[in-house]
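Asker: Next up, input_5.cif (mmCIF, C-alpha atoms and all ligand atoms).
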```cif
data_entry
#
loop_
_atom_site.group_PDB
_atom_site.id
_atom_site.type_symbol
_atom_site.label_atom_id
_atom_site.label_comp_id
_atom_site.auth_asym_id
_atom_site.auth_seq_id
_atom_site.Cartn_x
_atom_site.Cartn_y
_atom_site.Cartn_z
ATOM 1 C CA MET A 27 -87.664 87.846 195.724
ATOM 2 C CA THR A 28 -85.447 87.491 198.821
ATOM 3 C CA THR A 29 -82.363 85.279 199.112
ATOM 4 C CA THR A 30 -80.322 84.714 202.283
ATOM 5 C CA ARG A 31 -77.507 82.368 203.283
ATOM 6 C CA ALA A 32 -76.292 80.604 206.416
ATOM 7 C CA PRO A 33 -72.862 78.970 206.870
ATOM 8 C CA GLY A 34 -71.873 75.482 207.958
ATOM 9 C CA LYS A 35 -69.980 74.898 211.200
ATOM 10 C CA ILE A 36 -67.383 72.704 212.882
ATOM 11 C CA ILE A 37 -67.110 71.799 216.533
ATOM 12 C CA LEU A 38 -63.506 72.326 217.677
ATOM 13 C CA PHE A 39 -63.939 70.827 221.150
ATOM 14 C CA GLY A 40 -66.550 69.222 223.379
ATOM 15 C CA GLU A 41 -69.124 67.478 221.148
ATOM 16 C CA HIS A 42 -71.360 64.984 222.975
ATOM 17 C CA ALA A 43 -70.190 66.139 226.442
ATOM 18 C CA VAL A 44 -71.970 69.424 225.565
ATOM 19 C CA VAL A 45 -75.303 67.555 225.597
ATOM 20 C CA TYR A 46 -74.585 66.846 229.312
ATOM 21 C CA GLY A 47 -73.910 70.447 230.306
ATOM 22 C CA ARG A 48 -70.156 70.640 229.650
ATOM 23 C CA PRO A 49 -68.757 73.491 227.516
ATOM 24 C CA ALA A 50 -67.935 73.185 223.822
ATOM 25 C CA ILE A 51 -66.282 75.406 221.216
ATOM 26 C CA ALA A 52 -67.600 75.780 217.667
ATOM 27 C CA VAL A 53 -66.893 78.070 214.717
ATOM 28 C CA PRO A 54 -68.799 78.891 211.512
ATOM 29 C CA VAL A 55 -67.447 77.603 208.184
ATOM 30 C CA THR A 56 -68.351 80.039 205.425
ATOM 31 C CA GLN A 57 -66.842 77.940 202.608
ATOM 32 C CA VAL A 58 -70.057 75.893 202.644
ATOM 33 C CA TYR A 59 -73.570 77.317 203.038
ATOM 34 C CA ALA A 60 -77.301 76.864 202.721
ATOM 35 C CA GLU A 61 -79.310 79.364 200.686
ATOM 36 C CA ALA A 62 -83.047 80.075 200.877
ATOM 37 C CA THR A 63 -85.102 82.107 198.408
ATOM 38 C CA VAL A 64 -88.619 83.341 199.126
ATOM 39 C CA GLU A 65 -90.857 84.568 196.298
ATOM 40 C CA ALA A 66 -94.428 85.821 196.363
ATOM 41 C CA LYS A 67 -96.537 83.471 194.203
ATOM 42 C CA PRO A 68 -100.266 82.785 194.259
ATOM 43 C CA GLY A 69 -101.444 79.444 195.636
ATOM 44 C CA PRO A 70 -100.480 77.437 198.709
ATOM 45 C CA VAL A 71 -97.011 77.751 200.273
ATOM 46 C CA THR A 72 -94.692 75.572 198.164
ATOM 47 C CA LEU A 73 -91.357 74.154 199.309
ATOM 48 C CA HIS A 74 -88.819 73.428 196.610
ATOM 49 C CA LEU A 75 -85.603 71.426 197.268
ATOM 50 C CA PRO A 76 -83.851 71.129 193.886
ATOM 51 C CA ASP A 77 -80.760 69.374 195.375
ATOM 52 C CA LEU A 78 -82.992 66.543 196.601
ATOM 53 C CA GLY A 79 -85.360 66.648 193.596
ATOM 54 C CA ARG A 80 -88.319 67.383 195.905
ATOM 55 C CA SER A 81 -91.186 69.863 195.656
ATOM 56 C CA TYR A 82 -94.281 69.850 197.879
ATOM 57 C CA THR A 83 -96.791 72.134 199.529
ATOM 58 C CA LEU A 84 -96.891 72.894 203.212
ATOM 59 C CA LEU A 85 -100.234 71.084 203.388
ATOM 60 C CA ASP A 86 -98.809 67.878 201.879
ATOM 61 C CA ALA A 87 -95.641 67.892 204.016
ATOM 62 C CA PRO A 88 -95.181 64.932 206.352
ATOM 63 C CA GLU A 89 -95.638 65.787 210.029
ATOM 64 C CA ASP A 90 -91.917 65.375 210.752
ATOM 65 C CA ASP A 91 -90.712 67.453 207.793
ATOM 66 C CA PRO A 92 -88.008 69.797 209.172
ATOM 67 C CA LEU A 93 -88.380 72.478 206.484
ATOM 68 C CA ALA A 94 -92.181 72.618 206.853
ATOM 69 C CA LEU A 95 -91.776 72.908 210.622
ATOM 70 C CA THR A 96 -89.255 75.733 210.216
ATOM 71 C CA VAL A 97 -91.585 77.612 207.851
ATOM 72 C CA CYS A 98 -94.657 77.212 210.108
ATOM 73 C CA LYS A 99 -92.805 78.194 213.309
ATOM 74 C CA THR A 100 -91.278 81.220 211.572
ATOM 75 C CA LEU A 101 -94.582 82.435 210.085
ATOM 76 C CA ASP A 102 -96.184 82.065 213.552
ATOM 77 C CA HIS A 103 -93.300 83.983 215.125
ATOM 78 C CA LEU A 104 -93.673 86.755 212.533
ATOM 79 C CA GLY A 105 -97.385 86.943 213.353
ATOM 80 C CA LEU A 106 -98.507 85.723 209.911
ATOM 81 C CA ASN A 107 -101.501 83.407 209.799
ATOM 82 C CA SER A 108 -101.776 82.862 206.048
ATOM 83 C CA ARG A 109 -100.316 79.674 204.581
ATOM 84 C CA ASN A 110 -100.633 80.964 201.011
ATOM 85 C CA GLY A 111 -98.734 83.030 198.486
ATOM 86 C CA LEU A 112 -95.140 81.880 199.009
ATOM 87 C CA HIS A 113 -92.681 79.838 196.990
ATOM 88 C CA ILE A 114 -89.634 78.823 199.050
ATOM 89 C CA THR A 115 -86.533 77.306 197.436
ATOM 90 C CA VAL A 116 -83.684 75.888 199.521
ATOM 91 C CA ARG A 117 -80.284 74.811 198.219
ATOM 92 C CA SER A 118 -77.210 73.779 200.155
ATOM 93 C CA THR A 119 -73.554 73.037 199.495
ATOM 94 C CA ILE A 120 -73.241 71.472 202.980
ATOM 95 C CA PRO A 121 -73.166 67.677 202.851
ATOM 96 C CA ILE A 122 -75.999 66.098 204.865
ATOM 97 C CA ALA A 123 -75.260 64.147 208.088
ATOM 98 C CA ARG A 124 -71.511 64.864 208.117
ATOM 99 C CA GLY A 125 -71.276 67.036 211.254
ATOM 100 C CA LEU A 126 -71.130 70.338 209.343
ATOM 101 C CA GLY A 127 -74.501 71.612 210.529
ATOM 102 C CA SER A 128 -76.484 71.136 207.317
ATOM 103 C CA GLY A 129 -79.887 70.926 209.075
ATOM 104 C CA ALA A 130 -79.317 74.018 211.218
ATOM 105 C CA ALA A 131 -77.952 75.992 208.250
ATOM 106 C CA VAL A 132 -80.954 75.160 206.035
ATOM 107 C CA ALA A 133 -83.301 76.199 208.842
ATOM 108 C CA THR A 134 -81.337 79.408 209.571
ATOM 109 C CA ALA A 135 -81.307 80.477 205.912
ATOM 110 C CA THR A 136 -85.068 79.815 205.709
ATOM 111 C CA VAL A 137 -85.900 81.776 208.870
ATOM 112 C CA ARG A 138 -83.778 84.718 207.677
ATOM 113 C CA ALA A 139 -85.274 84.717 204.166
ATOM 114 C CA LEU A 140 -88.856 84.670 205.484
ATOM 115 C CA ALA A 141 -88.187 87.469 207.979
ATOM 116 C CA GLN A 142 -86.478 89.585 205.320
ATOM 117 C CA HIS A 143 -89.244 88.893 202.789
ATOM 118 C CA PHE A 144 -91.800 90.326 205.236
ATOM 119 C CA GLY A 145 -89.566 93.268 206.145
ATOM 120 C CA GLN A 146 -89.024 92.102 209.732
ATOM 121 C CA SER A 147 -85.706 91.960 211.477
ATOM 122 C CA LEU A 148 -84.942 89.087 213.857
ATOM 123 C CA SER A 149 -82.005 89.080 216.285
ATOM 124 C CA PRO A 150 -79.479 86.205 216.046
ATOM 125 C CA SER A 151 -80.881 84.921 219.324
ATOM 126 C CA GLU A 152 -84.466 84.856 217.941
ATOM 127 C CA VAL A 153 -83.227 83.034 214.811
ATOM 128 C CA SER A 154 -81.288 80.584 216.976
ATOM 129 C CA ASP A 155 -84.344 79.834 219.157
ATOM 130 C CA LEU A 156 -86.508 79.157 216.088
ATOM 131 C CA VAL A 157 -83.873 76.890 214.523
ATOM 132 C CA TYR A 158 -83.495 75.023 217.822
ATOM 133 C CA GLN A 159 -87.083 73.772 217.410
ATOM 134 C CA THR A 160 -86.138 72.204 214.070
ATOM 135 C CA GLU A 161 -82.993 70.747 215.651
ATOM 136 C CA VAL A 162 -85.185 68.997 218.248
ATOM 137 C CA LEU A 163 -87.080 67.338 215.415
ATOM 138 C CA LEU A 164 -83.849 66.348 213.631
ATOM 139 C CA HIS A 165 -81.679 65.337 216.597
ATOM 140 C CA GLY A 166 -83.956 64.480 219.515
ATOM 141 C CA THR A 167 -82.032 66.095 222.382
ATOM 142 C CA PRO A 168 -79.770 68.726 220.811
ATOM 143 C CA SER A 169 -77.540 70.818 223.048
ATOM 144 C CA GLY A 170 -78.284 73.885 220.903
ATOM 145 C CA ILE A 171 -74.687 74.436 219.802
ATOM 146 C CA ASP A 172 -75.373 74.061 216.044
ATOM 147 C CA ASN A 173 -78.214 76.606 215.876
ATOM 148 C CA THR A 174 -76.233 78.992 218.094
ATOM 149 C CA VAL A 175 -72.955 79.046 216.137
ATOM 150 C CA ILE A 176 -74.781 79.212 212.794
ATOM 151 C CA ALA A 177 -77.352 81.868 213.758
ATOM 152 C CA PHE A 178 -74.722 84.074 215.454
ATOM 153 C CA GLU A 179 -72.122 83.354 212.725
ATOM 154 C CA GLN A 180 -69.285 83.786 215.203
ATOM 155 C CA PRO A 181 -66.935 81.496 217.110
ATOM 156 C CA VAL A 182 -68.720 80.471 220.312
ATOM 157 C CA TYR A 183 -67.854 79.013 223.694
ATOM 158 C CA PHE A 184 -71.137 77.320 224.421
ATOM 159 C CA VAL A 185 -72.761 75.896 227.528
ATOM 160 C CA ARG A 186 -76.248 74.452 227.182
ATOM 161 C CA GLY A 187 -78.973 76.820 228.349
ATOM 162 C CA LYS A 188 -76.652 79.841 228.634
ATOM 163 C CA PRO A 189 -76.114 82.734 226.222
ATOM 164 C CA PRO A 190 -73.099 81.987 223.983
ATOM 165 C CA GLU A 191 -69.764 83.581 224.829
ATOM 166 C CA HIS A 192 -67.717 84.911 221.943
ATOM 167 C CA PHE A 193 -64.017 84.354 222.496
ATOM 168 C CA ALA A 194 -60.702 85.939 221.643
ATOM 169 C CA VAL A 195 -58.355 84.247 219.152
ATOM 170 C CA GLY A 196 -54.717 85.071 220.004
ATOM 171 C CA ALA A 197 -53.263 83.696 216.752
ATOM 172 C CA PRO A 198 -55.067 82.699 213.528
ATOM 173 C CA LEU A 199 -56.200 79.068 213.543
ATOM 174 C CA TYR A 200 -55.987 77.237 210.203
ATOM 175 C CA PHE A 201 -58.119 74.119 210.006
ATOM 176 C CA VAL A 202 -58.248 71.508 207.290
ATOM 177 C CA ILE A 203 -61.603 69.709 207.263
ATOM 178 C CA GLY A 204 -61.606 66.201 205.794
ATOM 179 C CA ASP A 205 -64.817 64.410 204.853
ATOM 180 C CA THR A 206 -64.859 60.620 205.275
ATOM 181 C CA GLY A 207 -67.743 60.498 202.785
ATOM 182 C CA VAL A 208 -69.663 58.382 205.310
ATOM 183 C CA PRO A 209 -73.014 59.867 206.418
ATOM 184 C CA SER A 210 -73.659 59.430 210.141
ATOM 185 C CA PRO A 211 -76.916 60.846 211.554
ATOM 186 C CA THR A 212 -76.306 62.698 214.843
ATOM 187 C CA LYS A 213 -79.546 61.334 216.287
ATOM 188 C CA ILE A 214 -78.066 57.814 216.254
ATOM 189 C CA THR A 215 -74.697 58.587 217.858
ATOM 190 C CA VAL A 216 -76.325 60.873 220.460
ATOM 191 C CA GLY A 217 -78.838 58.099 221.268
ATOM 192 C CA ASP A 218 -76.053 55.516 221.617
ATOM 193 C CA VAL A 219 -74.103 57.778 223.981
ATOM 194 C CA ARG A 220 -77.262 58.309 226.055
ATOM 195 C CA ARG A 221 -77.826 54.558 226.406
ATOM 196 C CA ALA A 222 -74.183 54.023 227.376
ATOM 197 C CA TRP A 223 -74.420 56.903 229.911
ATOM 198 C CA GLU A 224 -77.597 55.422 231.394
ATOM 199 C CA ALA A 225 -75.897 52.026 231.746
ATOM 200 C CA ASN A 226 -72.703 53.420 233.233
ATOM 201 C CA ARG A 227 -73.212 56.912 234.596
ATOM 202 C CA GLU A 228 -70.109 57.136 236.764
ATOM 203 C CA THR A 229 -67.718 56.311 233.922
ATOM 204 C CA TYR A 230 -69.455 58.606 231.449
ATOM 205 C CA GLU A 231 -69.712 61.524 233.891
ATOM 206 C CA ALA A 232 -65.947 61.192 234.514
ATOM 207 C CA ARG A 233 -65.294 61.199 230.753
ATOM 208 C CA PHE A 234 -67.510 64.250 230.247
ATOM 209 C CA ASN A 235 -65.710 65.997 233.122
ATOM 210 C CA ALA A 236 -62.343 65.280 231.507
ATOM 211 C CA ILE A 237 -63.617 66.670 228.186
ATOM 212 C CA GLY A 238 -65.067 69.733 229.952
ATOM 213 C CA ARG A 239 -61.662 70.408 231.556
ATOM 214 C CA LEU A 240 -59.836 70.203 228.253
ATOM 215 C CA VAL A 241 -62.373 72.507 226.566
ATOM 216 C CA ARG A 242 -61.691 75.161 229.234
ATOM 217 C CA GLN A 243 -57.924 74.698 228.684
ATOM 218 C CA ALA A 244 -58.465 75.032 224.922
ATOM 219 C CA TYR A 245 -60.420 78.273 225.425
ATOM 220 C CA GLN A 246 -57.401 79.667 227.300
ATOM 221 C CA ALA A 247 -54.845 78.322 224.789
ATOM 222 C CA ILE A 248 -56.819 79.772 221.840
ATOM 223 C CA ALA A 249 -56.985 83.182 223.547
ATOM 224 C CA GLU A 250 -53.219 83.090 224.156
ATOM 225 C CA GLY A 251 -52.395 81.864 220.638
ATOM 226 C CA GLN A 252 -50.685 78.699 221.960
ATOM 227 C CA LEU A 253 -51.212 76.595 218.874
ATOM 228 C CA VAL A 254 -49.156 73.591 219.999
ATOM 229 C CA THR A 255 -51.295 73.318 223.145
ATOM 230 C CA VAL A 256 -54.510 73.688 221.103
ATOM 231 C CA GLY A 257 -53.353 70.811 218.860
ATOM 232 C CA ALA A 258 -52.448 68.597 221.823
ATOM 233 C CA LEU A 259 -55.872 69.240 223.378
ATOM 234 C CA MET A 260 -57.569 68.246 220.099
ATOM 235 C CA ASP A 261 -55.688 64.931 220.240
ATOM 236 C CA ALA A 262 -56.734 64.449 223.875
ATOM 237 C CA ASN A 263 -60.380 65.175 222.957
ATOM 238 C CA GLN A 264 -60.157 62.673 220.081
ATOM 239 C CA ALA A 265 -58.826 60.025 222.490
ATOM 240 C CA TRP A 266 -61.939 60.411 224.693
ATOM 241 C CA LEU A 267 -64.275 60.306 221.677
ATOM 242 C CA HIS A 268 -62.480 57.179 220.484
ATOM 243 C CA THR A 269 -62.856 55.580 223.930
ATOM 244 C CA MET A 270 -66.611 56.236 223.754
ATOM 245 C CA GLY A 271 -66.844 54.417 220.408
ATOM 246 C CA LEU A 272 -67.486 57.561 218.382
ATOM 247 C CA SER A 273 -64.592 57.298 215.950
ATOM 248 C CA SER A 274 -64.516 54.930 212.966
ATOM 249 C CA PRO A 275 -61.876 53.295 210.750
ATOM 250 C CA GLU A 276 -62.420 56.012 208.116
ATOM 251 C CA LEU A 277 -62.062 58.814 210.672
ATOM 252 C CA ASN A 278 -58.986 57.160 212.204
ATOM 253 C CA ARG A 279 -57.375 56.847 208.774
ATOM 254 C CA LEU A 280 -57.817 60.560 208.008
ATOM 255 C CA ILE A 281 -56.745 61.634 211.512
ATOM 256 C CA GLU A 282 -53.577 59.503 211.335
ATOM 257 C CA ALA A 283 -52.799 60.848 207.847
ATOM 258 C CA ALA A 284 -53.104 64.425 209.165
ATOM 259 C CA TRP A 285 -50.800 63.679 212.116
ATOM 260 C CA ALA A 286 -48.215 62.063 209.831
ATOM 261 C CA ALA A 287 -48.311 65.094 207.507
ATOM 262 C CA GLY A 288 -47.441 67.467 210.352
ATOM 263 C CA ALA A 289 -50.819 68.637 211.721
ATOM 264 C CA LEU A 290 -50.582 70.074 215.252
ATOM 265 C CA GLY A 291 -53.670 68.086 216.252
ATOM 266 C CA ALA A 292 -56.626 66.264 214.723
ATOM 267 C CA LYS A 293 -59.992 64.928 215.807
ATOM 268 C CA LEU A 294 -63.444 64.034 214.573
ATOM 269 C CA SER A 295 -65.932 66.917 214.565
ATOM 270 C CA GLY A 296 -69.652 66.571 215.313
ATOM 271 C CA GLY A 297 -71.583 63.400 215.993
ATOM 272 C CA GLY A 298 -68.786 61.046 214.851
ATOM 273 C CA ARG A 299 -68.694 57.470 213.409
ATOM 274 C CA GLY A 300 -68.407 59.159 210.011
ATOM 275 C CA GLY A 301 -68.777 62.697 208.758
ATOM 276 C CA ASN A 302 -65.863 65.085 209.021
ATOM 277 C CA MET A 303 -62.582 65.317 210.890
ATOM 278 C CA ILE A 304 -60.591 68.500 211.469
ATOM 279 C CA ALA A 305 -56.833 69.067 211.637
ATOM 280 C CA LEU A 306 -55.056 72.135 213.037
ATOM 281 C CA VAL A 307 -52.365 73.204 210.559
ATOM 282 C CA THR A 308 -50.039 76.133 209.887
ATOM 283 C CA PRO A 309 -49.414 77.902 206.561
ATOM 284 C CA ASP A 310 -46.266 75.698 206.339
ATOM 285 C CA THR A 311 -48.079 72.381 206.748
ATOM 286 C CA GLU A 312 -51.507 73.056 205.229
ATOM 287 C CA GLN A 313 -50.719 71.880 201.684
ATOM 288 C CA GLU A 314 -49.019 68.715 202.935
ATOM 289 C CA VAL A 315 -51.984 67.870 205.196
ATOM 290 C CA ILE A 316 -54.498 68.547 202.392
ATOM 291 C CA ARG A 317 -52.517 66.239 200.072
ATOM 292 C CA ALA A 318 -52.265 63.531 202.754
ATOM 293 C CA LEU A 319 -56.011 63.615 203.440
ATOM 294 C CA ARG A 320 -56.817 63.325 199.730
ATOM 295 C CA GLU A 321 -54.406 60.389 199.429
ATOM 296 C CA ALA A 322 -55.996 58.747 202.475
ATOM 297 C CA GLY A 323 -59.365 58.811 200.685
ATOM 298 C CA ALA A 324 -61.067 62.026 201.868
ATOM 299 C CA ALA A 325 -64.225 62.639 199.808
ATOM 300 C CA ASN A 326 -63.754 66.391 200.194
ATOM 301 C CA VAL A 327 -61.228 68.702 201.828
ATOM 302 C CA ILE A 328 -61.844 72.311 202.958
ATOM 303 C CA LEU A 329 -59.360 74.807 204.386
ATOM 304 C CA THR A 330 -60.840 77.326 206.799
ATOM 305 C CA LEU A 331 -59.413 80.102 208.961
ATOM 306 C CA VAL A 332 -60.541 81.268 212.398
ATOM 307 C CA THR A 333 -59.394 84.749 213.460
HETATM 308 O O1 LIG B 1 -74.741 68.027 214.287
HETATM 309 P P1 LIG B 1 -73.415 67.452 214.601
HETATM 310 O O2 LIG B 1 -73.143 66.123 214.005
HETATM 311 O O3 LIG B 1 -72.319 68.446 214.455
HETATM 312 O O4 LIG B 1 -73.422 67.116 216.179
HETATM 313 C C1 LIG B 1 -73.733 68.046 217.135
HETATM 314 C C2 LIG B 1 -72.903 67.854 218.314
HETATM 315 C C3 LIG B 1 -73.359 66.872 219.377
HETATM 316 O O5 LIG B 1 -72.703 67.296 220.556
HETATM 317 C C4 LIG B 1 -72.934 65.471 219.030
HETATM 318 C C5 LIG B 1 -74.862 66.897 219.594
HETATM 319 C C6 LIG B 1 -75.394 68.177 220.224
HETATM 320 O O6 LIG B 1 -76.615 68.357 220.198
HETATM 321 O O7 LIG B 1 -74.611 68.981 220.734
#
```
Kindly return the structure encoded in the file as structure tokens.
Ligand code: PMV

Answerer:
Amino acid sequence: MTTTRAPGKIILFGEHAVVYGRPAIAVPVTQVYAEATVEAKPGPVTLHLPDLGRSYTLLDAPEDDPLALTVCKTLDHLGLNSRNGLHITVRSTIPIARGLGSGAAVATATVRALAQHFGQSLSPSEVSDLVYQTEVLLHGTPSGIDNTVIAFEQPVYFVRGKPPEHFAVGAPLYFVIGDTGVPSPTKITVGDVRRAWEANRETYEARFNAIGRLVRQAYQAIAEGQLVTVGALMDANQAWLHTMGLSSPELNRLIEAAWAAGALGAKLSGGGRGGNMIALVTPDTEQEVIRALREAGAANVILTLVT
């Protein structure tokens, strides 16, 4: 029996603009994770999702089933033709459709568990490429940032189609992650942004350029440990996301609560219109911000550290 895990993730800067070739910054979040177990068992390959109360065989899986796709692509990649003799169980503590990378983490844990079960070692880049194929099924036109940050399990400065750059962190970054409790599928927000971009390319290209500039400034500020600048850039990024209709009353409420409690900056993280927001805090303000987010109705609050 083989069990492996993969973490969740947050996007610090650049979501949505990253789909259009601008840079983005993301970090893994190890406080939440997906876990896959592979066991040898006679009979057809069975997929077991106890969290969702689902169990089915690979043969019975719907054509657009992300887990079945991940398993088939991975077995092909490992050079295994048989579709028998495996029992695969996947669990996850990452809430679904909240911008924390649940889909990519489930796929990453599954790819790793299958490879390990068959005694093969895959590089992070091979894992990332396999998970990207599942992301296409889940999200339509993913930039690839989720599979990259989760498969590499390191902070990444990411530009679509390029190898990820790992970056220096000049001073520890403490983030409080607040969940609105509102699921918001990325496919929908990404599709809405695409329609708006098609209808008004000049405006959207200018917005993406502005976001791209602030991501590059954030990269520099993070490397130099200039936390006040990092916070201000998060606020500026949030303002652009808000302008593009990607925030929501629930997100705004949590972001304003974080600001009022002394956060250095706050913004939505991921697809938006729901899901999670993040706030940059210090050891002096973290407890106050956590309390404020809970009072403002956060369904869950996580503290994470980037070093
Ligand atoms: O999966 P989410 O909700 O974290 O969103 C991914 C980030 C987007 O930029 C909105 C989409 C993408 O493919 O990069």

Asker: Which residue gives the smallest distance to A:Gln142 among A:Asn326, A:Asn278, A:Thr63, A:Thr174, with only C-alpha atoms counted?

Answerer: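 Closest candidate: A:Thr63.
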
Asker: Given a cut-off of 9 Å, what residues near ligand LIG 1 (chain B) show up using only C-alpha atoms and all ligand atoms, put as a PDB file with C-alpha atoms, in the frame of the given file?

Answerer:
```pdb
ATOM      1  CA  LYS A  35     -69.980  74.898 211.200  1.00  0.00           C
ATOM      2  CA  ILE A  36     -67.383  72.704 212.882  1.00  0.00           C
ATOM      3  CA  ILE A  37     -67.110  71.799 216.533  1.00  0.00           C
ATOM      4  CA  GLY A  40     -66.550  69.222 223.379  1.00  0.00           C
ATOM      5  CA  GLU A  41     -69.124  67.478 221.148  1.00  0.00           C
ATOM      6  CA  HIS A  42     -71.360  64.984 222.975  1.00  0.00           C
ATOM      7  CA  ALA A  43     -70.190  66.139 226.442  1.00  0.00           C
ATOM      8  CA  VAL A  44     -71.970  69.424 225.565  1.00  0.00           C
ATOM      9  CA  VAL A  45     -75.303  67.555 225.597  1.00  0.00           C
ATOM     10  CA  TYR A  46     -74.585  66.846 229.312  1.00  0.00           C
ATOM     11  CA  ALA A  50     -67.935  73.185 223.822  1.00  0.00           C
ATOM     12  CA  ALA A 123     -75.260  64.147 208.088  1.00  0.00           C
ATOM     13  CA  ARG A 124     -71.511  64.864 208.117  1.00  0.00           C
ATOM     14  CA  GLY A 125     -71.276  67.036 211.254  1.00  0.00           C
ATOM     15  CA  LEU A 126     -71.130  70.338 209.343  1.00  0.00           C
ATOM     16  CA  GLY A 127     -74.501  71.612 210.529  1.00  0.00           C
ATOM     17  CA  SER A 128     -76.484  71.136 207.317  1.00  0.00           C
ATOM     18  CA  GLY A 129     -79.887  70.926 209.075  1.00  0.00           C
ATOM     19  CA  ALA A 130     -79.317  74.018 211.218  1.00  0.00           C
ATOM     20  CA  GLU A 161     -82.993  70.747 215.651  1.00  0.00           C
ATOM     21  CA  VAL A 162     -85.185  68.997 218.248  1.00  0.00           C
ATOM     22  CA  HIS A 165     -81.679  65.337 216.597  1.00  0.00           C
ATOM     23  CA  GLY A 166     -83.956  64.480 219.515  1.00  0.00           C
ATOM     24  CA  THR A 167     -82.032  66.095 222.382  1.00  0.00           C
ATOM     25  CA  PRO A 168     -79.770  68.726 220.811  1.00  0.00           C
ATOM     26  CA  SER A 169     -77.540  70.818 223.048  1.00  0.00           C
ATOM     27  CA  GLY A 170     -78.284  73.885 220.903  1.00  0.00           C
ATOM     28  CA  ILE A 171     -74.687  74.436 219.802  1.00  0.00           C
ATOM     29  CA  ASP A 172     -75.373  74.061 216.044  1.00  0.00           C
ATOM     30  CA  ARG A 186     -76.248  74.452 227.182  1.00  0.00           C
ATOM     31  CA  SER A 210     -73.659  59.430 210.141  1.00  0.00           C
ATOM     32  CA  PRO A 211     -76.916  60.846 211.554  1.00  0.00           C
ATOM     33  CA  THR A 212     -76.306  62.698 214.843  1.00  0.00           C
ATOM     34  CA  LYS A 213     -79.546  61.334 216.287  1.00  0.00           C
ATOM     35  CA  THR A 215     -74.697  58.587 217.858  1.00  0.00           C
ATOM     36  CA  VAL A 216     -76.325  60.873 220.460  1.00  0.00           C
ATOM     37  CA  SER A 295     -65.932  66.917 214.565  1.00  0.00           C
ATOM     38  CA  GLY A 296     -69.652  66.571 215.313  1.00  0.00           C
ATOM     39  CA  GLY A 297     -71.583  63.400 215.993  1.00  0.00           C
ATOM     40  CA  GLY A 298     -68.786  61.046 214.851  1.00  0.00           C
ATOM     41  CA  GLY A 301     -68.777  62.697 208.758  1.00  0.00           C
ATOM     42  CA  ASN A 302     -65.863  65.085 209.021  1.00  0.00           C
TER      43      ASN A 302
END
```

Asker: Please write the residues picked by the PyMOL selection byres (((chain A and resi 201) around 7) and not hetatm) on this file as a ChimeraX atom specification.

Answerer: /A:199-200,202-203,304-307,329-331

Asker: Counting all atoms listed in the file, what is within 8 Å of A:Val315, bar same-chain residues fewer than 2 positions away, as a PyMOL selection string?

Answerer: chain A and resi 202+283-284+287-289+307+311-313+317-319

Asker: Evaluated on this file, the PyMOL selection byres (((chain A and resi 230-232) around 12) and not hetatm) picks out some residues - which ones are they, written as a list of chain:residue names?

Answerer: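 On this input, the PyMOL selection byres (((chain A and resi 230-232) around 12) and not hetatm) captures A:His42, A:Ala43, A:Val44, A:Val45, A:Tyr46, A:Gly47, A:Arg48, A:Val219, A:Arg220, A:Arg221, A:Ala222, A:Trp223, A:Glu224, A:Ala225, A:Asn226, A:Arg227, A:Glu228, A:Thr229, A:Arg233, A:Phe234, A:Asn235, A:Ala236, A:Ile237, A:Gly238, A:Arg239, A:Trp266, A:Leu267, A:Thr269, A:Met270.
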
Asker: Give as JSON, numbers by chain the residues that the PyMOL selection byres (((chain A and resi 156) around 9) and not hetatm) matches when applied to the coordinates above.

Answerer: {"A": [96, 99, 100, 103, 133, 134, 137, 151, 152, 153, 154, 155, 157, 158, 159, 160, 173]}
